[in-house]
>>> print(open('query26.txt').read())   # compact mmCIF, C-alpha atoms and all ligand atoms
# COMPACT_ATOMS: atom_id res chain seq x y z
CA MET U 1 -149.33 111.14 -241.08
CA LYS U 2 -145.70 110.82 -242.21
CA LYS U 3 -145.13 109.16 -245.57
CA ILE U 4 -142.51 106.41 -245.64
CA LEU U 5 -141.13 104.76 -248.75
CA VAL U 6 -140.33 101.07 -248.32
CA THR U 7 -138.30 99.65 -251.19
CA GLY U 8 -138.57 95.87 -251.45
CA GLY U 9 -141.66 96.19 -249.25
CA LEU U 10 -143.32 93.06 -250.63
CA GLY U 11 -140.34 90.88 -249.67
CA TYR U 12 -139.85 88.86 -246.50
CA ILE U 13 -138.55 91.47 -244.04
CA GLY U 14 -140.08 94.39 -245.94
CA SER U 15 -143.67 93.09 -245.69
CA HIS U 16 -143.38 92.56 -241.93
CA THR U 17 -141.96 96.05 -241.58
CA VAL U 18 -144.78 97.60 -243.62
CA VAL U 19 -147.25 96.05 -241.16
CA GLU U 20 -145.40 97.50 -238.14
CA LEU U 21 -145.12 100.92 -239.82
CA GLN U 22 -148.85 101.00 -240.52
CA LEU U 23 -149.64 99.89 -236.98
CA ALA U 24 -147.41 102.73 -235.74
CA GLY U 25 -149.46 105.24 -237.76
CA PHE U 26 -147.23 105.82 -240.80
CA GLU U 27 -148.48 106.04 -244.37
CA VAL U 28 -146.53 103.57 -246.49
CA ILE U 29 -145.61 103.58 -250.18
CA ILE U 30 -143.99 100.39 -251.45
CA ILE U 31 -141.67 100.08 -254.42
CA ASP U 32 -140.98 96.53 -255.58
CA ASN U 33 -140.16 94.94 -258.93
CA LEU U 34 -141.61 91.57 -257.82
CA SER U 35 -138.33 89.83 -258.68
CA ASN U 36 -138.51 87.90 -255.40
CA SER U 37 -142.07 88.49 -254.21
CA SER U 38 -145.65 88.66 -255.41
CA LYS U 39 -148.54 91.12 -255.44
CA GLU U 40 -150.49 88.73 -253.20
CA VAL U 41 -148.44 90.01 -250.27
CA ILE U 42 -150.41 93.28 -250.42
CA HIS U 43 -153.58 91.37 -249.48
CA GLY U 44 -151.76 89.69 -246.59
CA ILE U 45 -150.67 93.09 -245.29
CA LYS U 46 -154.19 94.49 -245.66
CA ASN U 47 -155.70 91.49 -243.89
CA ILE U 48 -153.53 92.24 -240.86
CA THR U 49 -153.75 96.03 -240.65
CA GLY U 50 -156.95 96.82 -242.54
CA VAL U 51 -155.01 99.30 -244.68
CA GLU U 52 -153.81 98.69 -248.22
CA PRO U 53 -150.40 100.27 -248.75
CA THR U 54 -149.79 102.21 -251.95
CA PHE U 55 -147.80 100.05 -254.34
CA GLU U 56 -145.65 101.09 -257.30
CA GLU U 57 -144.29 98.25 -259.40
CA LEU U 58 -140.92 99.66 -260.32
CA ASP U 59 -137.42 98.30 -260.91
CA LEU U 60 -134.97 100.57 -259.14
CA ARG U 61 -132.38 99.75 -261.81
CA ASP U 62 -134.57 101.80 -264.17
CA LYS U 63 -133.08 105.20 -263.45
CA GLU U 64 -135.62 107.25 -265.40
CA ALA U 65 -138.56 105.54 -263.69
CA THR U 66 -136.93 106.06 -260.28
CA ILE U 67 -136.35 109.76 -260.97
CA SER U 68 -140.01 110.15 -262.05
CA PHE U 69 -141.13 108.38 -258.87
CA PHE U 70 -139.26 110.85 -256.64
CA LYS U 71 -140.60 113.80 -258.66
CA LYS U 72 -144.14 112.52 -258.13
CA HIS U 73 -143.68 111.77 -254.40
CA SER U 74 -141.83 114.74 -252.98
CA ALA U 75 -143.39 114.55 -249.51
CA ILE U 76 -141.54 111.45 -248.33
CA SER U 77 -140.07 111.80 -244.81
CA GLY U 78 -138.28 108.48 -244.61
CA ILE U 79 -137.00 105.58 -246.67
CA ILE U 80 -136.46 102.02 -245.55
CA HIS U 81 -134.36 100.42 -248.24
CA PHE U 82 -134.75 96.63 -248.40
CA ALA U 83 -134.68 96.12 -252.18
CA ALA U 84 -131.65 94.01 -253.05
CA SER U 85 -130.64 90.57 -254.26
CA LYS U 86 -129.63 88.32 -251.37
CA ALA U 87 -128.51 84.88 -252.54
CA VAL U 88 -124.89 84.54 -251.46
CA GLY U 89 -124.06 81.69 -253.88
CA GLU U 90 -125.58 83.50 -256.86
CA SER U 91 -123.55 86.59 -256.01
CA VAL U 92 -120.37 84.54 -256.47
CA THR U 93 -121.42 83.32 -259.93
CA ASN U 94 -122.98 86.63 -261.02
CA PRO U 95 -121.20 89.42 -259.12
CA LEU U 96 -122.19 92.22 -261.50
CA LEU U 97 -125.88 91.50 -260.97
CA TYR U 98 -125.27 92.05 -257.25
CA TYR U 99 -123.16 95.18 -257.62
CA GLU U 100 -125.77 96.61 -259.98
CA ASN U 101 -128.90 95.64 -258.09
CA ASN U 102 -127.60 96.34 -254.59
CA LEU U 103 -125.39 99.38 -255.23
CA SER U 104 -126.37 101.24 -258.39
CA THR U 105 -129.96 101.35 -257.11
CA LEU U 106 -128.76 102.77 -253.79
CA ILE U 107 -126.79 105.46 -255.61
CA THR U 108 -129.78 106.39 -257.79
CA ILE U 109 -131.98 106.81 -254.71
CA LEU U 110 -129.36 108.89 -252.91
CA GLN U 111 -128.95 111.15 -255.95
CA GLN U 112 -132.67 111.88 -255.78
CA ILE U 113 -132.75 112.68 -252.05
CA GLN U 114 -129.36 114.20 -251.21
CA HIS U 115 -130.63 117.76 -251.57
CA LYS U 116 -133.81 117.27 -249.58
CA GLU U 117 -134.19 119.26 -246.39
CA ASN U 118 -134.92 116.38 -244.11
CA ILE U 119 -134.84 112.72 -244.96
CA SER U 120 -134.40 109.69 -242.73
CA PHE U 121 -132.89 106.57 -244.27
CA ILE U 122 -132.72 103.03 -242.87
CA PHE U 123 -130.38 100.57 -244.60
CA SER U 124 -130.61 96.75 -244.52
CA SER U 125 -127.14 95.61 -243.60
CA SER U 126 -126.02 92.25 -242.29
CA CYS U 127 -123.87 90.62 -239.63
CA THR U 128 -121.97 89.19 -242.58
CA VAL U 129 -119.89 92.41 -242.51
CA TYR U 130 -118.11 91.08 -239.40
CA GLY U 131 -117.01 87.76 -241.00
CA GLN U 132 -115.74 85.44 -238.27
CA ALA U 133 -115.27 87.98 -235.49
CA GLU U 134 -112.52 87.28 -232.95
CA THR U 135 -114.65 87.83 -229.88
CA MET U 136 -118.23 86.87 -229.12
CA PRO U 137 -120.75 88.38 -228.77
CA ILE U 138 -120.04 90.82 -231.61
CA SER U 139 -120.36 94.50 -230.82
CA GLU U 140 -120.59 97.29 -233.39
CA LYS U 141 -116.96 98.11 -232.52
CA ALA U 142 -115.76 94.81 -234.03
CA PRO U 143 -113.87 95.46 -237.25
CA VAL U 144 -115.57 94.97 -240.59
CA GLN U 145 -113.63 92.17 -242.28
CA GLN U 146 -112.96 91.52 -245.92
CA ALA U 147 -116.18 90.17 -247.41
CA ILE U 148 -116.35 86.50 -248.30
CA SER U 149 -118.86 87.04 -251.13
CA PRO U 150 -119.86 89.84 -253.53
CA TYR U 151 -123.21 89.92 -251.69
CA GLY U 152 -121.44 90.63 -248.39
CA ASN U 153 -119.29 93.19 -250.15
CA THR U 154 -122.39 95.07 -251.36
CA LYS U 155 -123.45 95.51 -247.72
CA GLN U 156 -120.01 96.86 -246.73
CA ILE U 157 -119.77 99.19 -249.72
CA GLY U 158 -123.42 100.23 -249.22
CA GLU U 159 -122.60 101.36 -245.69
CA GLU U 160 -119.55 103.29 -246.96
CA ILE U 161 -121.59 105.01 -249.69
CA LEU U 162 -124.19 106.04 -247.11
CA GLN U 163 -121.64 107.23 -244.57
CA ASP U 164 -119.85 109.38 -247.17
CA THR U 165 -123.11 110.80 -248.53
CA ALA U 166 -124.57 111.56 -245.10
CA LYS U 167 -121.40 113.59 -244.34
CA ILE U 168 -122.12 116.06 -247.14
CA ALA U 169 -125.91 115.90 -247.52
CA GLU U 170 -127.13 118.08 -244.68
CA GLY U 171 -130.71 116.82 -244.56
CA LEU U 172 -129.83 113.13 -244.75
CA GLN U 173 -129.65 110.98 -241.61
CA VAL U 174 -128.90 107.29 -241.87
CA ILE U 175 -129.16 104.25 -239.64
CA SER U 176 -127.68 101.00 -240.86
CA LEU U 177 -129.18 97.95 -239.19
CA ARG U 178 -126.94 94.90 -239.19
CA TYR U 179 -129.35 91.99 -239.05
CA PHE U 180 -128.35 88.67 -237.59
CA ASN U 181 -130.43 85.66 -238.82
CA PRO U 182 -134.10 86.58 -239.40
CA ILE U 183 -136.55 83.66 -239.11
CA GLY U 184 -140.26 83.04 -238.58
CA ALA U 185 -143.40 84.72 -239.82
CA HIS U 186 -146.26 86.93 -238.71
CA SER U 187 -148.47 85.17 -236.12
CA SER U 188 -151.53 85.76 -238.34
CA THR U 189 -149.90 83.53 -241.04
CA GLU U 190 -150.91 86.23 -243.54
CA ILE U 191 -147.29 86.95 -244.49
CA GLY U 192 -144.00 85.05 -244.17
CA GLU U 193 -140.91 83.89 -246.02
CA LEU U 194 -141.39 82.48 -249.53
CA PRO U 195 -138.06 81.07 -250.68
CA ASP U 196 -137.64 80.62 -254.41
CA GLY U 197 -136.79 76.96 -255.17
CA VAL U 198 -134.65 74.93 -252.77
CA PRO U 199 -134.05 76.99 -249.62
CA GLN U 200 -130.44 77.76 -248.76
CA ASN U 201 -131.24 78.89 -245.23
CA LEU U 202 -131.70 76.57 -242.30
CA VAL U 203 -135.21 77.32 -241.05
CA PRO U 204 -137.15 77.15 -244.35
CA PHE U 205 -135.25 73.95 -245.12
CA ILE U 206 -136.38 72.49 -241.79
CA THR U 207 -140.05 73.40 -242.31
CA GLN U 208 -140.05 72.20 -245.93
CA THR U 209 -138.54 68.89 -244.80
CA ALA U 210 -141.14 68.49 -242.08
CA ILE U 211 -143.99 69.18 -244.50
CA GLY U 212 -142.62 66.55 -246.90
CA LEU U 213 -141.30 68.81 -249.64
CA ARG U 214 -137.67 67.82 -248.94
CA GLN U 215 -136.53 64.35 -247.93
CA GLU U 216 -134.11 65.28 -245.18
CA LEU U 217 -132.16 68.17 -243.78
CA ALA U 218 -128.40 68.01 -244.22
CA VAL U 219 -126.67 69.44 -241.16
CA PHE U 220 -123.48 70.99 -242.44
CA GLY U 221 -120.79 69.70 -240.11
CA ASN U 222 -120.67 68.61 -236.45
CA ASP U 223 -116.94 68.97 -236.00
CA TYR U 224 -116.83 72.71 -235.29
CA PRO U 225 -115.25 73.90 -232.03
CA THR U 226 -118.65 74.49 -230.37
CA GLU U 227 -120.39 72.58 -227.58
CA ASP U 228 -122.27 70.16 -229.86
CA GLY U 229 -119.99 70.60 -232.87
CA THR U 230 -122.53 72.50 -235.04
CA CYS U 231 -122.39 76.18 -236.01
CA ILE U 232 -123.89 78.90 -233.87
CA ARG U 233 -126.08 81.77 -235.10
CA ASP U 234 -128.29 84.44 -233.58
CA TYR U 235 -131.82 83.72 -234.86
CA ILE U 236 -134.17 86.69 -234.56
CA HIS U 237 -137.94 86.65 -235.06
CA VAL U 238 -138.77 88.69 -238.18
CA VAL U 239 -141.46 90.66 -236.30
CA ASP U 240 -138.88 91.76 -233.70
CA LEU U 241 -136.64 92.76 -236.59
CA ALA U 242 -139.49 94.67 -238.27
CA LYS U 243 -140.13 96.59 -235.04
CA ALA U 244 -136.45 97.58 -234.89
CA HIS U 245 -136.97 99.46 -238.17
CA VAL U 246 -139.84 101.47 -236.75
CA THR U 247 -137.80 102.32 -233.64
CA ALA U 248 -134.80 103.35 -235.77
CA LEU U 249 -136.98 105.45 -238.06
CA LYS U 250 -138.54 107.27 -235.11
CA ARG U 251 -135.08 107.95 -233.69
CA LEU U 252 -134.19 109.80 -236.89
CA LEU U 253 -137.54 111.55 -237.34
CA ASP U 254 -137.41 112.74 -233.72
CA GLU U 255 -133.81 113.89 -234.27
CA LYS U 256 -132.48 111.78 -231.42
CA HIS U 257 -129.51 110.48 -233.42
CA GLU U 258 -125.99 111.45 -232.37
CA THR U 259 -124.33 111.39 -235.80
CA SER U 260 -125.62 111.43 -239.37
CA PHE U 261 -124.63 107.78 -239.82
CA GLU U 262 -125.27 105.25 -237.07
CA VAL U 263 -124.97 101.47 -236.95
CA PHE U 264 -126.85 99.01 -234.74
CA ASN U 265 -126.71 95.24 -234.38
CA ILE U 266 -130.17 93.73 -234.57
CA GLY U 267 -130.16 90.29 -233.00
CA THR U 268 -131.31 88.57 -229.81
CA GLY U 269 -127.87 88.35 -228.21
CA LYS U 270 -128.27 84.60 -227.85
CA GLY U 271 -126.43 82.07 -229.99
CA SER U 272 -128.11 78.78 -230.93
CA SER U 273 -126.49 75.78 -232.57
CA VAL U 274 -128.00 74.02 -235.59
CA LEU U 275 -128.93 71.08 -233.36
CA GLU U 276 -130.61 73.42 -230.87
CA VAL U 277 -132.69 74.90 -233.71
CA ILE U 278 -133.74 71.38 -234.76
CA GLU U 279 -134.63 70.53 -231.13
CA SER U 280 -136.68 73.71 -230.87
CA PHE U 281 -138.53 72.81 -234.06
CA GLU U 282 -139.22 69.28 -232.81
CA ARG U 283 -140.50 70.65 -229.51
CA VAL U 284 -142.96 73.14 -230.97
CA SER U 285 -144.13 71.00 -233.91
CA LYS U 286 -144.32 67.87 -231.75
CA GLN U 287 -142.68 65.77 -234.44
CA SER U 288 -139.20 64.51 -235.13
CA LEU U 289 -137.24 65.88 -238.04
CA ASN U 290 -135.46 63.72 -240.57
CA TYR U 291 -131.87 64.93 -240.68
CA LYS U 292 -128.32 63.68 -241.13
CA ILE U 293 -124.92 65.13 -240.47
CA VAL U 294 -122.88 65.81 -243.60
CA GLY U 295 -119.65 67.70 -244.31
CA ARG U 296 -119.14 71.39 -243.70
CA ARG U 297 -120.55 73.96 -246.15
CA GLU U 298 -117.86 76.11 -247.72
CA GLY U 299 -117.78 79.65 -246.39
CA ASP U 300 -119.66 78.96 -243.15
CA VAL U 301 -118.33 80.78 -240.12
CA ILE U 302 -118.28 78.92 -236.78
CA SER U 303 -120.14 81.25 -234.50
CA VAL U 304 -121.93 84.57 -234.89
CA TYR U 305 -124.12 86.25 -232.29
CA ALA U 306 -124.78 89.83 -231.40
CA ASP U 307 -123.86 92.06 -228.52
CA THR U 308 -127.13 93.98 -228.45
CA THR U 309 -126.16 96.46 -225.72
CA LYS U 310 -126.07 99.41 -228.13
CA ALA U 311 -129.47 98.56 -229.66
CA ASN U 312 -130.98 97.95 -226.21
CA THR U 313 -129.67 101.08 -224.52
CA ILE U 314 -129.16 103.72 -227.21
CA LEU U 315 -131.79 102.70 -229.77
CA GLY U 316 -134.17 101.53 -227.05
CA TRP U 317 -135.13 98.31 -228.83
CA LYS U 318 -134.93 94.72 -227.64
CA ALA U 319 -135.98 91.41 -229.21
CA THR U 320 -138.75 89.78 -227.20
CA SER U 321 -139.57 86.50 -228.98
CA THR U 322 -137.92 83.22 -228.03
CA LEU U 323 -136.45 80.74 -230.48
CA ASP U 324 -139.41 78.41 -229.83
CA GLU U 325 -141.89 81.19 -230.67
CA ALA U 326 -140.06 82.00 -233.87
CA MET U 327 -139.85 78.33 -234.89
CA LEU U 328 -143.55 77.81 -234.17
CA SER U 329 -144.44 80.81 -236.35
CA ALA U 330 -142.24 79.45 -239.16
CA TRP U 331 -143.98 76.07 -238.88
CA GLU U 332 -147.49 77.54 -238.84
CA TRP U 333 -146.64 79.63 -241.90
CA GLU U 334 -145.27 76.60 -243.77
CA GLN U 335 -148.46 74.64 -243.08
CA LYS U 336 -150.63 77.54 -244.27
CA VAL U 337 -148.58 78.00 -247.47
CA ARG U 338 -148.75 74.32 -248.40
CA LYS U 339 -152.49 74.17 -247.68
CA THR U 340 -153.17 77.02 -250.09
CA LYS U 341 -150.86 75.75 -252.88
P1 LIG Z 401 -136.49 89.53 -250.15
O1 LIG Z 401 -135.86 89.03 -251.41
O2 LIG Z 401 -137.61 88.74 -249.58
O3 LIG Z 401 -136.98 91.04 -250.36
C1 LIG Z 401 -136.35 91.93 -251.24
C2 LIG Z 401 -137.44 92.57 -252.09
O4 LIG Z 401 -136.82 93.54 -252.96
C3 LIG Z 401 -138.17 91.57 -252.99
O5 LIG Z 401 -139.57 91.75 -252.85
C4 LIG Z 401 -137.70 91.92 -254.40
O6 LIG Z 401 -138.71 91.66 -255.36
C5 LIG Z 401 -137.37 93.40 -254.27
N1 LIG Z 401 -136.34 93.89 -255.20
C6 LIG Z 401 -135.14 93.35 -255.47
N2 LIG Z 401 -134.49 94.08 -256.38
C7 LIG Z 401 -135.29 95.13 -256.70
C8 LIG Z 401 -135.19 96.23 -257.59
N3 LIG Z 401 -134.13 96.39 -258.39
N4 LIG Z 401 -136.20 97.11 -257.65
C9 LIG Z 401 -137.31 96.96 -256.88
N5 LIG Z 401 -137.47 95.93 -256.02
C10 LIG Z 401 -136.46 95.02 -255.94
O7 LIG Z 401 -135.31 89.69 -249.09
P2 LIG Z 401 -135.38 89.93 -247.51
O8 LIG Z 401 -134.97 88.69 -246.85
O9 LIG Z 401 -136.66 90.55 -247.15
O10 LIG Z 401 -134.19 90.97 -247.35
C11 LIG Z 401 -134.41 92.36 -247.35
C12 LIG Z 401 -133.09 93.07 -247.20
O11 LIG Z 401 -132.44 92.64 -246.01
C13 LIG Z 401 -132.10 92.84 -248.32
O12 LIG Z 401 -131.39 94.04 -248.55
C14 LIG Z 401 -131.18 91.78 -247.75
O13 LIG Z 401 -129.91 91.83 -248.35
C15 LIG Z 401 -131.13 92.20 -246.30
N6 LIG Z 401 -130.78 91.11 -245.38
C16 LIG Z 401 -131.53 89.97 -245.40
C17 LIG Z 401 -131.20 88.93 -244.52
C18 LIG Z 401 -131.99 87.64 -244.54
O14 LIG Z 401 -131.50 86.64 -244.00
N7 LIG Z 401 -133.19 87.59 -245.08
C19 LIG Z 401 -130.12 89.07 -243.65
C20 LIG Z 401 -129.39 90.26 -243.65
C21 LIG Z 401 -129.74 91.29 -244.52
C1 LIG Z 402 -126.78 83.28 -244.39
C2 LIG Z 402 -126.01 84.06 -245.44
C3 LIG Z 402 -125.56 85.39 -244.89
C4 LIG Z 402 -126.73 86.17 -244.30
C5 LIG Z 402 -127.35 85.28 -243.22
C6 LIG Z 402 -128.50 85.95 -242.51
C7 LIG Z 402 -124.94 82.28 -246.74
C8 LIG Z 402 -123.64 81.61 -247.06
N1 LIG Z 402 -124.86 83.27 -245.85
O1 LIG Z 402 -125.88 82.90 -243.42
O2 LIG Z 402 -124.97 86.17 -245.87
O3 LIG Z 402 -126.29 87.37 -243.75
O4 LIG Z 402 -127.81 84.07 -243.83
O5 LIG Z 402 -129.70 85.64 -243.10
O6 LIG Z 402 -125.97 81.97 -247.28
N2 LIG Z 402 -127.38 74.88 -242.28
C9 LIG Z 402 -127.45 73.51 -242.32
N3 LIG Z 402 -128.19 72.93 -243.31
C10 LIG Z 402 -128.89 73.66 -244.24
C11 LIG Z 402 -128.82 75.09 -244.17
C12 LIG Z 402 -128.05 75.66 -243.18
O7 LIG Z 402 -126.85 72.81 -241.51
O8 LIG Z 402 -129.52 73.08 -245.12
C13 LIG Z 402 -126.60 75.53 -241.21
C14 LIG Z 402 -125.46 76.39 -241.73
O9 LIG Z 402 -124.29 75.64 -241.85
C15 LIG Z 402 -125.36 77.46 -240.63
C16 LIG Z 402 -126.79 77.57 -240.08
O10 LIG Z 402 -127.46 76.38 -240.50
O11 LIG Z 402 -124.54 76.98 -239.61
C17 LIG Z 402 -127.52 78.78 -240.61
O12 LIG Z 402 -127.44 78.78 -242.01
P1 LIG Z 402 -128.19 79.87 -242.92
O13 LIG Z 402 -129.61 79.89 -242.57
O14 LIG Z 402 -127.83 79.58 -244.33
O15 LIG Z 402 -127.58 81.27 -242.45
P2 LIG Z 402 -126.04 81.75 -242.41
O16 LIG Z 402 -125.13 80.69 -242.82
O17 LIG Z 402 -125.82 82.34 -241.07
>>> encode(input="query26.txt", output="structure tokens")
Amino acid sequence: MKKILVTGGLGYIGSHTVVELQLAGFEVIIIDNLSNSSKEVIHGIKNITGVEPTFEELDLRDKEATISFFKKHSAISGIIHFAASKAVGESVTNPLLYYENNLSTLITILQQIQHKENISFIFSSSCTVYGQAETMPISEKAPVQQAISPYGNTKQIGEEILQDTAKIAEGLQVISLRYFNPIGAHSSTEIGELPDGVPQNLVPFITQTAIGLRQELAVFGNDYPTEDGTCIRDYIHVVDLAKAHVTALKRLLDEKHETSFEVFNIGTGKGSSVLEVIESFERVSKQSLNYKIVGRREGDVISVYADTTKANTILGWKATSTLDEAMLSAWEWEQKVRKTK
């Protein structure tokens, strides 16, 4: 059984990926500092798979503790690195927190593994690296544009650090997955997204409004040059996204990669407007949502959706869930969370 380290494995995408890794027969060790998650998530994972993953509570900014961890666990074959801070607005007000937490931690890990004989590494990148691309859908060949926020910049610099390191570290192979917009939760409702405070993202705001936690959803602008005037995004079910990590990891472990640093877009290939997401929610929840149109949100790009040809053909992965399925899972998770609070 191959041992895989999942940093940030108690977080939203990490926890769903741990489940898929266990189901695929991997042994998982999680590192998390619980800064944006809780230990309860371990029980959720165990309730789904029947296996409790090993958990080390560790802050990757603590260099000594990280070095000791890698000394203790020398038999790791792969790392999926989720641990990072991800609030775009906060990254603007506190850029150094983001550069430290998202980049110095990455460097520390790479220093510990760069001399290993064989190590597969999956990096959590984002479609934010493309900014507002000129052509849609966005392929991996689209240029990386100057980042709008320090958070976005950490993803661009993170990819550069990995690409440069993989060039010289013979045993290191890297795949960077550029996620589009992850939504939804595991169908068991054992794990899901737990936003801290008022959600900034669309889908948790919708479900929290529907459950009565928020009064109404503000739709940020309906005067964009799109069919219904609202912005377009590529919303991907988090379980599809989690499975992409397992596929990417196997590609590296089976030595099927073509270069030591590869990039794949992970989305559905379908763009949905904000109003279409609301309609989907209303359809699956069988209730109408209280919302109003307000002004644009600063920094929002008009339209972003993936060309998934490379992921479909070369990686051999494809998203299978529909927007309705993802929205239903988000709604079921919200109801479960509120019932238990
Ligand atoms: P999340 O906040 O739910 O998970 C991140 C986890 O990492 C949390 O459990 C947190 O406690 C942990 N963590 C943070 N800093 C740490 C540190 N210094 N040491 C140890 N653990 C630490 O976020 P998520 O939505 O699951 O995102 C996972 C990754 O995917 C992040 O790198 C994020 O930037 C990236 N990403 C997320 C999205 C999204 O919309 N959710 C989109 C694109 C990319
Ligand atoms: C956000 C992040 C981005 C990250 C991406 C994927 C910001 C500025 N950007 O982008 O870095 O890569 O998630 O997870 O946070 N909307 C509303 N009302 C709301 C919330 C959102 O109308 O209350 C609209 C937005 O204007 C946007 C769409 O819904 O058009 C999606 O918003 P959101 O969920 O925040 O994701 P992104 O803006 O794509």
>>> residues_around(input="query26.txt", residues="Asn36 of chain U", least_positions_apart="6", cutoff="9 Å", atoms="only C-alpha atoms", output="compact mmCIF listing (two decimals) with C-alpha atoms, in the coordinates of the input")
# COMPACT_ATOMS: atom_id res chain seq x y z
CA GLY U 8 -138.57 95.87 -251.45
CA LEU U 10 -143.32 93.06 -250.63
CA GLY U 11 -140.34 90.88 -249.67
CA SER U 85 -130.64 90.57 -254.26
CA LEU U 194 -141.39 82.48 -249.53
CA PRO U 195 -138.06 81.07 -250.68
CA ASP U 196 -137.64 80.62 -254.41
>>> atom_distance(input="query26.txt", atom1="atom CA of His245 of chain U", atom2="atom CA of Phe123 of chain U")
9.3 Å
>>> residues_near_ligand(input="query26.txt", ligand="ligand LIG 401 (chain Z)", cutoff="6 Å", atoms="all atoms listed in the file", output="CSV table (one decimal) with C-alpha atoms, in the frame of the given file")
chain,number,residue,atom,x,y,z
U,8,GLY,CA,-138.6,95.9,-251.4
U,10,LEU,CA,-143.3,93.1,-250.6
U,11,GLY,CA,-140.3,90.9,-249.7
U,12,TYR,CA,-139.8,88.9,-246.5
U,13,ILE,CA,-138.6,91.5,-244.0
U,14,GLY,CA,-140.1,94.4,-245.9
U,31,ILE,CA,-141.7,100.1,-254.4
U,32,ASP,CA,-141.0,96.5,-255.6
U,33,ASN,CA,-140.2,94.9,-258.9
U,34,LEU,CA,-141.6,91.6,-257.8
U,35,SER,CA,-138.3,89.8,-258.7
U,36,ASN,CA,-138.5,87.9,-255.4
U,37,SER,CA,-142.1,88.5,-254.2
U,58,LEU,CA,-140.9,99.7,-260.3
U,59,ASP,CA,-137.4,98.3,-260.9
U,60,LEU,CA,-135.0,100.6,-259.1
U,61,ARG,CA,-132.4,99.8,-261.8
U,82,PHE,CA,-134.8,96.6,-248.4
U,83,ALA,CA,-134.7,96.1,-252.2
U,84,ALA,CA,-131.6,94.0,-253.0
U,85,SER,CA,-130.6,90.6,-254.3
U,86,LYS,CA,-129.6,88.3,-251.4
U,101,ASN,CA,-128.9,95.6,-258.1
U,124,SER,CA,-130.6,96.8,-244.5
U,125,SER,CA,-127.1,95.6,-243.6
U,126,SER,CA,-126.0,92.2,-242.3
U,179,TYR,CA,-129.4,92.0,-239.0
U,181,ASN,CA,-130.4,85.7,-238.8
U,182,PRO,CA,-134.1,86.6,-239.4
>>> residues_near_ligand(input="query26.txt", ligand="ligand LIG 402 (chain Z)", cutoff="9 Å", atoms="all atoms listed in the file", output="compact mmCIF listing (two decimals) with C-alpha atoms, keeping the file's coordinate frame")
# COMPACT_ATOMS: atom_id res chain seq x y z
CA LYS U 86 -129.63 88.32 -251.37
CA ALA U 87 -128.51 84.88 -252.54
CA VAL U 88 -124.89 84.54 -251.46
CA GLY U 89 -124.06 81.69 -253.88
CA SER U 125 -127.14 95.61 -243.60
CA SER U 126 -126.02 92.25 -242.29
CA CYS U 127 -123.87 90.62 -239.63
CA THR U 128 -121.97 89.19 -242.58
CA VAL U 129 -119.89 92.41 -242.51
CA ILE U 148 -116.35 86.50 -248.30
CA SER U 149 -118.86 87.04 -251.13
CA TYR U 151 -123.21 89.92 -251.69
CA GLY U 152 -121.44 90.63 -248.39
CA ARG U 178 -126.94 94.90 -239.19
CA TYR U 179 -129.35 91.99 -239.05
CA PHE U 180 -128.35 88.67 -237.59
CA ASN U 181 -130.43 85.66 -238.82
CA PRO U 182 -134.10 86.58 -239.40
CA ILE U 183 -136.55 83.66 -239.11
CA PRO U 199 -134.05 76.99 -249.62
CA GLN U 200 -130.44 77.76 -248.76
CA ASN U 201 -131.24 78.89 -245.23
CA LEU U 202 -131.70 76.57 -242.30
CA VAL U 203 -135.21 77.32 -241.05
CA PRO U 204 -137.15 77.15 -244.35
CA PHE U 205 -135.25 73.95 -245.12
CA ILE U 206 -136.38 72.49 -241.79
CA LEU U 217 -132.16 68.17 -243.78
CA ALA U 218 -128.40 68.01 -244.22
CA VAL U 219 -126.67 69.44 -241.16
CA PHE U 220 -123.48 70.99 -242.44
CA GLY U 221 -120.79 69.70 -240.11
CA THR U 230 -122.53 72.50 -235.04
CA CYS U 231 -122.39 76.18 -236.01
CA ILE U 232 -123.89 78.90 -233.87
CA ARG U 233 -126.08 81.77 -235.10
CA ASP U 234 -128.29 84.44 -233.58
CA TYR U 235 -131.82 83.72 -234.86
CA SER U 273 -126.49 75.78 -232.57
CA VAL U 274 -128.00 74.02 -235.59
CA LEU U 275 -128.93 71.08 -233.36
CA VAL U 277 -132.69 74.90 -233.71
CA ILE U 293 -124.92 65.13 -240.47
CA VAL U 294 -122.88 65.81 -243.60
CA ARG U 296 -119.14 71.39 -243.70
CA ARG U 297 -120.55 73.96 -246.15
CA GLU U 298 -117.86 76.11 -247.72
CA GLY U 299 -117.78 79.65 -246.39
CA ASP U 300 -119.66 78.96 -243.15
CA VAL U 301 -118.33 80.78 -240.12
CA ILE U 302 -118.28 78.92 -236.78
CA SER U 303 -120.14 81.25 -234.50
CA VAL U 304 -121.93 84.57 -234.89
>>> closest_atom_pairs(input="query26.txt", of="segment 32-79 of chain U", to="segment 162-174 of chain U", cutoff="12 Å", atoms="all atoms listed in the file", output="Markdown table")
| residue | atom | partner | partner_atom | distance |
| --- | --- | --- | --- | --- |
| U:Ser77 | CA | U:Leu172 | CA | 10.3 |
| U:Gly78 | CA | U:Gln173 | CA | 9.5 |
| U:Ile79 | CA | U:Val174 | CA | 9.6 |
